[in-house]
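Student: What follows is a single structure, and I will ask about it in a moment.
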Amino acid sequence: MSNKNNLAKNASFLMIAAMISKVIGLLYKSPLSSIMGSVGISYMTLAQNAYMILLMIASFSIPQAVSKLISERIELKDYKNAQKIFYGSLMYAAVVGGAVALFCFFGADLIIPSNQSNARLALQILAPTIFMSGIVGVLRGYFQAYRNMMPTSLSQILEQIFNAIGSILAAWLLVKYFADGTTESIGKWGAAGSTIGTTTGVVVALLFMLLVYSLNRKKIRRRVERDRTHEEESYREIFKLIILIVSPIILSAFIYNVNLYLNGVLFNEILGWRGVDDKVLSIAYAEYGTYFMTIINIPLTLSSAAPTSMIPEVSASYATGNRKETRNRIDQTTQLSMFISIPCAVGLAVLGHPVVSLLYRVTDGTAGKLMMIGSFVIILNGISNISNAALQAIGKPKIPMITAAIALVVDVAAVLGLLFFTDLGVYSLLVATVVYSVVICVLNDMAMKKYLRYKNPWKKAYLYPLIASIPMGAVAGGVYYGLYHLIPSNFICLCAAIALAVVVFLVVYLAVSKPTQKDLAALPAGNILYRVGRTLHLC
């Protein structure tokens with residue numbers, strides 16, 4: 001099997017896992033919103049945003065960093081030092097994760113805004129999850145370095161299943177036995193219960209990854225013992241390497257994602273200062289931070305599977321000096337990511353309202369409007385994820401960190417200006433997010449041209465999916481709104497519209513791009529798609 005097919009196969013595993021996980025996430029948040037209401041959803045979102053920031057500091061990018069470091073050693077058949085990096089990464093994750101977990105538990109009042117103090121209990125419950133997530137991340141990155149995405153995929157699915165079950169059950173129990181009946185009390189205890197589910201999911205994922213490692217332990221040991229050609233590095237050198245490589249990647253991820261947390265804090269503090277009621281703010285932020293972002297994150301997670309799979313591939317080819325193959329890997333990843341991102345963005349722009357209404361009955365319609373005007377954020381984030389991963393893979397992790405820092409300054413300035421001087425309200429957060437993403441895309445693209453002489457494959461990766469998405473969007477909208485007049489069922493109309501839209505997209509894509517079998521090999525199920533195209537005389 002070719003390396004291209006390996007990359008497509010690995011990305012496919014991660015995409016399938018991401019899709020299953022995100023669908024589960026959507027399904028369980030609907031009953032959660034019924035249990036705790038929009039106020040509780042807002043508390044949960046604030047706690048989880050803060051948790052994600054702390055997680056980024058502790059371990060969020062550990063899988064990518066470990067994958068990069070170990071894959072370089074594996075390419076050179078340096079199994080002995082690859083294993084030492086694995087052990088060193090576990091120690092690093094345990095120490096840093098433990099410190100951040102303690103800060104999360106004892107410093108929750110410093111992190112959550114004072115007018116949203118009911119979200120603090122939910123954040124404190126997440127403290128041990130931060131510690132365990134680092135260990136899980138190292139184990140996932142270890143197997144990704146060996147181009148084995150199956151353990152990561154299965155652990156993510158298991159994590160989300162137990163997260164969903166635990167969240168609903170714990171939220172219901174805590175609301176039933178501890179809430180006093182007021183909206184704020186129900187929200188507080190419901191949010192706390194939802195984060196118990198998050199912890200449960202990570203515990204299950206950790207146990208699964210430890211089981212996978214134990215099953216492969218003998219094979220790993222034999223490989224290390226046979227490596228007698230490489231000089232063993234000291235742990236001092238290993239830790240220095242980990243700190244120099246892992247820290248910038250983690251800081252980059254932290255800065256890259258901290259804008260969501262900062263924007264939420266600024267939104268609540270500034271509009272609260274301007275006299276907007278706390279309950280009104282909670283409901284409005286739930287529309288953006290939970291309903292809109294949860295749905296947007298589905299295609300974002302799918303498209304990010306390609307950059308995740310790309311890191312060990314690009315690191316390996318770059319380590320051997322093959323710059324042409326490095327660029328080819330990035331091209332392939334871009335094509336795969338945009339093949340998903342562009343039609344998803346167009347589809348959500350057309351069907352945003354019915355999708356949100358189906359999943360979240362308590363929405364007031366704001367999330368649907370945000371979806372219609374802001375779904376193209378999916379494309380921008382997809383582009384920035386690829387460039388971030390590529391720069392990290394070639395040993396330039398400081399560049400994404402710097403570009404993210406610059407973009408963050410611009411983002412904060414935009415949020416402050418919009419919240420103080422306009423009445424856009426929650427739409428200000430969307431505008432700032434767009435500005436933030438554009439800045440990262442532009443700066444990272446400049447760095448890619450400088451260090452790799454990289455040119456984006458505009459025609460294959462962007463133009464063809466865009467052309468195919470235009471009739472797809474027209475069909476999706478026409479079928480949904482036309483059928484709804486005959487059968488007023490949101491679910492049935494959406495299923496019919498999405499199914500026909502997918503067919504139209506694939507047919508038009510094949511017709512305009514005229515791909516070869518080699519081109520389609522970069523896509524999941526590309527060989528099947530090629531056979532269909534040949535049958536229809538489109539390839």
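In the structure tokens, chains take letters A, B, ... by order of appearance, with residues numbered from 1 within each chain and ligands from 1 in the order shown.
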Set the distance at 10 Å and use only C-alpha atoms: which residues neighbour Lys22 (chain A) once local chain neighbours fewer than 3 positions away are removed? I'd like the list as JSON, numbers by chain.

Tutor: {"A": [16, 17, 18, 19, 25, 26, 27, 28, 157, 160, 294, 295, 297, 298, 299, 301, 302]}

Student: Using only C-alpha atoms, which residues sit within 10 Å of Asn259 (chain A) once same-chain residues fewer than 5 positions away are excluded, as a PyMOL selection string?

Tutor: chain A and resi 49+53+254+264-265+404-405+407-409+411-412+415+429+432-433+436

Student: Would you put the residues from that selection into a file with C-alpha atoms, as a short mmCIF file (atom, residue, chain, number, x, y, z; two decimals), in the first residue's frame?

Tutor:
data_model
loop_
_atom_site.label_atom_id
_atom_site.label_comp_id
_atom_site.auth_asym_id
_atom_site.auth_seq_id
_atom_site.Cartn_x
_atom_site.Cartn_y
_atom_site.Cartn_z
CA ASN A 49 -14.04 26.61 27.95
CA ILE A 53 -7.66 26.40 28.22
CA PHE A 254 -3.20 27.42 24.06
CA GLY A 264 -16.71 34.60 26.59
CA VAL A 265 -15.28 36.37 29.64
CA ALA A 404 -1.56 32.89 17.13
CA ALA A 405 -0.35 35.50 19.65
CA ALA A 407 -4.05 37.07 16.00
CA LEU A 408 -5.13 36.98 19.65
CA VAL A 409 -4.20 40.63 20.14
CA ASP A 411 -9.13 39.38 18.28
CA VAL A 412 -9.24 41.00 21.73
CA VAL A 415 -14.08 42.16 20.72
CA LEU A 429 -17.92 37.17 19.03
CA ALA A 432 -13.91 38.60 16.12
CA THR A 433 -13.52 34.86 15.46
CA TYR A 436 -8.76 35.99 14.27
#

Student: Do a neighbour search on Gly347 (chain A) at 8 Å with only C-alpha atoms, toss out local chain neighbours closer than 5 positions, and write the hits as a ChimeraX atom specification.

Tutor: /A:352,469,472-473,476

Student: Pick the closest to Ala461 (chain A) from A:Ser387, A:Asn381, A:Gln517, A:Ser341: which is it, counting only C-alpha atoms?

Tutor: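 The closest residue to Ala461 (chain A) is A:Ser341.
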
Student: Could you jot down the CA of Ala316 (chain A) to CA of Ser59 (chain A) separation for me, Å, one decimal place?

Tutor: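 Interatomic distance here is 22.9 Å.
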
Student: Can you write out as JSON lines which residues of region 372-490 of chain A fall within 10 Å of region 239-247 of chain A, alongside each residue's closest atom pair and its distance in Å to one decimal, counting only C-alpha atoms and ordering rows by chain and ascending residue number?

Tutor:
{"residue": "A:Gln392", "atom": "CA", "partner": "A:Ile245", "partner_atom": "CA", "distance": 8.6}
{"residue": "A:Gly395", "atom": "CA", "partner": "A:Ile245", "partner_atom": "CA", "distance": 7.6}
{"residue": "A:Lys396", "atom": "CA", "partner": "A:Ile245", "partner_atom": "CA", "distance": 8.8}
{"residue": "A:Pro397", "atom": "CA", "partner": "A:Ile245", "partner_atom": "CA", "distance": 7.0}
{"residue": "A:Lys398", "atom": "CA", "partner": "A:Ile245", "partner_atom": "CA", "distance": 8.8}

Student: Using only C-alpha atoms, can you tell me which of A:Val410, A:Leu139, A:Leu486, A:Met293 comes closest to Val435 (chain A)?

Tutor: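 Using only C-alpha atoms, Val435 (chain A) sits closest to A:Val410.
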
Student: As an exercise, work out the distance from CA of Gly166 (chain A) to CA of Gly193 (chain A) in Å and give it to one decimal place.

Tutor: 8.0 Å

Student: Within 10 Å of Lys324 (chain A), counting only C-alpha atoms, which residues show up once you throw out same-chain ones fewer than 3 positions away? Write them as a PyMOL selection string, please.

Tutor: chain A and resi 317-318+321+327-329+452-454

Student: Let me see the file: selected residues, N, CA, C and O atoms, as an mmCIF file, in the first residue's frame.

Tutor:
data_model
loop_
_atom_site.group_PDB
_atom_site.id
_atom_site.type_symbol
_atom_site.label_atom_id
_atom_site.label_comp_id
_atom_site.auth_asym_id
_atom_site.auth_seq_id
_atom_site.Cartn_x
_atom_site.Cartn_y
_atom_site.Cartn_z
ATOM 1 N N SER A 317 9.267 12.529 6.405
ATOM 2 C CA SER A 317 9.840 12.919 5.105
ATOM 3 C C SER A 317 10.772 14.112 5.251
ATOM 4 O O SER A 317 11.820 14.185 4.596
ATOM 5 N N TYR A 318 10.433 15.040 6.135
ATOM 6 C CA TYR A 318 11.287 16.217 6.335
ATOM 7 C C TYR A 318 12.591 15.816 7.023
ATOM 8 O O TYR A 318 13.659 16.362 6.728
ATOM 9 N N GLY A 321 15.124 14.717 4.615
ATOM 10 C CA GLY A 321 15.535 15.715 3.636
ATOM 11 C C GLY A 321 14.730 15.737 2.357
ATOM 12 O O GLY A 321 15.100 16.422 1.399
ATOM 13 N N ARG A 327 6.100 18.553 0.707
ATOM 14 C CA ARG A 327 5.073 19.415 0.100
ATOM 15 C C ARG A 327 3.905 18.598 -0.441
ATOM 16 O O ARG A 327 2.744 19.028 -0.364
ATOM 17 N N ASN A 328 4.208 17.432 -0.988
ATOM 18 C CA ASN A 328 3.143 16.569 -1.505
ATOM 19 C C ASN A 328 2.197 16.121 -0.389
ATOM 20 O O ASN A 328 0.981 16.045 -0.578
ATOM 21 N N ARG A 329 2.773 15.806 0.771
ATOM 22 C CA ARG A 329 1.952 15.395 1.916
ATOM 23 C C ARG A 329 1.010 16.531 2.336
ATOM 24 O O ARG A 329 -0.154 16.310 2.654
ATOM 25 N N LEU A 452 9.222 26.378 3.199
ATOM 26 C CA LEU A 452 8.998 25.200 2.367
ATOM 27 C C LEU A 452 8.807 25.529 0.887
ATOM 28 O O LEU A 452 8.644 24.620 0.073
ATOM 29 N N ARG A 453 8.814 26.839 0.581
ATOM 30 C CA ARG A 453 8.484 27.276 -0.775
ATOM 31 C C ARG A 453 7.161 26.655 -1.220
ATOM 32 O O ARG A 453 7.010 26.172 -2.340
ATOM 33 N N TYR A 454 6.239 26.706 -0.308
ATOM 34 C CA TYR A 454 4.964 26.010 -0.512
ATOM 35 C C TYR A 454 3.960 26.901 -1.226
ATOM 36 O O TYR A 454 3.812 28.085 -0.920
#

Student: My list of candidates is A:Lys84, A:Pro343, A:Gly425, A:Pro31. Which is closest to Val503 (chain A) when distances are computed with only C-alpha atoms?

Tutor: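 Selected residue with least distance to Val503 (chain A): A:Pro343.
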
Student: Of the candidates A:Gly382, A:Tyr285, A:Ile440, A:Arg531, which one gets nearest to Asp364 (chain A) if we count only C-alpha atoms?

Tutor: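 That would be A:Tyr285, the residue with the smallest distance to Asp364 (chain A).
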
Student: Of the candidates A:Met372, A:Ala305, A:Ala474, A:Val362, which one gets nearest to Thr334 (chain A) if we count only C-alpha atoms?

Tutor: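 Of all the options, A:Ala305 lies closest to Thr334 (chain A).
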
Student: Which residues are near Tyr462 (chain A)? Cut-off 7 Å, only C-alpha atoms, ignore same chain within fewer than 4 positions. Put them as a VMD selection string.

Tutor: chain A and resid 338 458 466

Student: Would you output that residue set with N, CA and C atoms, as a PDB file, in the first residue's frame?

Tutor:
ATOM      1  N   MET A 338     -10.221  20.228   2.714  1.00  0.00           N
ATOM      2  CA  MET A 338     -11.166  21.110   2.033  1.00  0.00           C
ATOM      3  C   MET A 338     -12.312  20.340   1.379  1.00  0.00           C
ATOM      4  N   TRP A 458      -4.621  25.589  -5.117  1.00  0.00           N
ATOM      5  CA  TRP A 458      -5.906  26.291  -5.135  1.00  0.00           C
ATOM      6  C   TRP A 458      -6.964  25.583  -5.987  1.00  0.00           C
ATOM      7  N   LEU A 466     -15.553  23.982  -4.132  1.00  0.00           N
ATOM      8  CA  LEU A 466     -16.438  25.149  -4.080  1.00  0.00           C
ATOM      9  C   LEU A 466     -17.460  25.116  -5.214  1.00  0.00           C
TER      10      LEU A 466
END

Student: Give me the residues within 12 Å of Leu271 (chain A) as a VMD selection string, counting only C-alpha atoms and dropping any in the same chain fewer than 6 places off.

Tutor: chain A and resid 115 263 to 265 277 to 282 284 to 285 415 to 416 418 to 426 428

Student: Go ahead and dump the residues you just picked, N, CA and C atoms, as a PDB file, in the first residue's frame.

Tutor:
ATOM      1  N   ASN A 115     -19.723  37.211  37.966  1.00  0.00           N
ATOM      2  CA  ASN A 115     -21.167  37.189  37.751  1.00  0.00           C
ATOM      3  C   ASN A 115     -21.666  35.850  37.202  1.00  0.00           C
ATOM      4  N   ASN A 263     -13.038  35.605  24.819  1.00  0.00           N
ATOM      5  CA  ASN A 263     -14.210  36.260  24.242  1.00  0.00           C
ATOM      6  C   ASN A 263     -15.435  36.073  25.123  1.00  0.00           C
ATOM      7  N   GLY A 264     -15.577  34.849  25.701  1.00  0.00           N
ATOM      8  CA  GLY A 264     -16.705  34.601  26.593  1.00  0.00           C
ATOM      9  C   GLY A 264     -16.641  35.444  27.854  1.00  0.00           C
ATOM     10  N   VAL A 265     -15.451  35.558  28.433  1.00  0.00           N
ATOM     11  CA  VAL A 265     -15.277  36.374  29.635  1.00  0.00           C
ATOM     12  C   VAL A 265     -15.560  37.847  29.341  1.00  0.00           C
ATOM     13  N   ASP A 277     -28.768  42.076  31.847  1.00  0.00           N
ATOM     14  CA  ASP A 277     -29.062  41.116  32.913  1.00  0.00           C
ATOM     15  C   ASP A 277     -28.221  39.846  32.755  1.00  0.00           C
ATOM     16  N   ASP A 278     -27.754  39.301  33.895  1.00  0.00           N
ATOM     17  CA  ASP A 278     -26.897  38.106  33.866  1.00  0.00           C
ATOM     18  C   ASP A 278     -27.586  36.925  33.194  1.00  0.00           C
ATOM     19  N   LYS A 279     -28.870  36.747  33.449  1.00  0.00           N
ATOM     20  CA  LYS A 279     -29.604  35.633  32.854  1.00  0.00           C
ATOM     21  C   LYS A 279     -29.690  35.790  31.336  1.00  0.00           C
ATOM     22  N   VAL A 280     -29.903  36.994  30.884  1.00  0.00           N
ATOM     23  CA  VAL A 280     -29.957  37.272  29.444  1.00  0.00           C
ATOM     24  C   VAL A 280     -28.612  36.963  28.806  1.00  0.00           C
ATOM     25  N   LEU A 281     -27.531  37.339  29.493  1.00  0.00           N
ATOM     26  CA  LEU A 281     -26.184  37.064  28.982  1.00  0.00           C
ATOM     27  C   LEU A 281     -25.928  35.555  28.900  1.00  0.00           C
ATOM     28  N   SER A 282     -26.367  34.824  29.925  1.00  0.00           N
ATOM     29  CA  SER A 282     -26.161  33.373  29.940  1.00  0.00           C
ATOM     30  C   SER A 282     -26.855  32.708  28.759  1.00  0.00           C
ATOM     31  N   ALA A 284     -27.813  34.153  25.896  1.00  0.00           N
ATOM     32  CA  ALA A 284     -27.202  34.581  24.637  1.00  0.00           C
ATOM     33  C   ALA A 284     -25.882  33.860  24.388  1.00  0.00           C
ATOM     34  N   TYR A 285     -25.083  33.697  25.449  1.00  0.00           N
ATOM     35  CA  TYR A 285     -23.787  33.020  25.274  1.00  0.00           C
ATOM     36  C   TYR A 285     -23.975  31.534  24.977  1.00  0.00           C
ATOM     37  N   VAL A 415     -13.009  42.429  19.760  1.00  0.00           N
ATOM     38  CA  VAL A 415     -14.085  42.163  20.717  1.00  0.00           C
ATOM     39  C   VAL A 415     -14.359  43.386  21.582  1.00  0.00           C
ATOM     40  N   LEU A 416     -13.305  44.004  22.088  1.00  0.00           N
ATOM     41  CA  LEU A 416     -13.477  45.192  22.935  1.00  0.00           C
ATOM     42  C   LEU A 416     -14.193  46.308  22.181  1.00  0.00           C
ATOM     43  N   LEU A 418     -16.122  46.100  19.476  1.00  0.00           N
ATOM     44  CA  LEU A 418     -17.488  45.749  19.095  1.00  0.00           C
ATOM     45  C   LEU A 418     -18.431  45.743  20.295  1.00  0.00           C
ATOM     46  N   LEU A 419     -17.965  45.237  21.441  1.00  0.00           N
ATOM     47  CA  LEU A 419     -18.830  45.169  22.618  1.00  0.00           C
ATOM     48  C   LEU A 419     -19.056  46.537  23.258  1.00  0.00           C
ATOM     49  N   PHE A 420     -18.047  47.392  23.223  1.00  0.00           N
ATOM     50  CA  PHE A 420     -18.179  48.713  23.832  1.00  0.00           C
ATOM     51  C   PHE A 420     -18.941  49.699  22.944  1.00  0.00           C
ATOM     52  N   PHE A 421     -18.735  49.617  21.633  1.00  0.00           N
ATOM     53  CA  PHE A 421     -19.215  50.679  20.751  1.00  0.00           C
ATOM     54  C   PHE A 421     -20.301  50.259  19.771  1.00  0.00           C
ATOM     55  N   THR A 422     -20.743  49.001  19.828  1.00  0.00           N
ATOM     56  CA  THR A 422     -21.852  48.579  18.961  1.00  0.00           C
ATOM     57  C   THR A 422     -22.867  47.807  19.798  1.00  0.00           C
ATOM     58  N   ASP A 423     -23.994  47.527  19.198  1.00  0.00           N
ATOM     59  CA  ASP A 423     -25.032  46.733  19.846  1.00  0.00           C
ATOM     60  C   ASP A 423     -25.171  45.366  19.171  1.00  0.00           C
ATOM     61  N   LEU A 424     -24.067  44.862  18.636  1.00  0.00           N
ATOM     62  CA  LEU A 424     -24.099  43.566  17.961  1.00  0.00           C
ATOM     63  C   LEU A 424     -24.281  42.406  18.931  1.00  0.00           C
ATOM     64  N   GLY A 425     -23.947  42.612  20.195  1.00  0.00           N
ATOM     65  CA  GLY A 425     -24.110  41.571  21.187  1.00  0.00           C
ATOM     66  C   GLY A 425     -23.284  40.343  20.864  1.00  0.00           C
ATOM     67  N   VAL A 426     -23.918  39.168  20.857  1.00  0.00           N
ATOM     68  CA  VAL A 426     -23.201  37.916  20.658  1.00  0.00           C
ATOM     69  C   VAL A 426     -22.617  37.799  19.249  1.00  0.00           C
ATOM     70  N   SER A 428     -20.853  39.937  17.920  1.00  0.00           N
ATOM     71  CA  SER A 428     -19.497  40.481  18.025  1.00  0.00           C
ATOM     72  C   SER A 428     -18.468  39.356  18.133  1.00  0.00           C
TER      73      SER A 428
END

Student: Provide the CA of Leu523 (chain A) to CA of Val508 (chain A) distance in Å, to one decimal place.

Tutor: 16.0 Å

Student: Env of Val203 (chain A): 9 Å cut, atoms = only C-alpha atoms, seq-sep filter 6 positions within chain, self excluded. Answer as a count of residues only.

Tutor: 4

Student: Of the candidates A:Ala393, A:Val355, A:Ser153, A:Val346, which shows the shortest atom-to-atom distance to Ala468 (chain A), using only C-alpha atoms?

Tutor: A:Val346
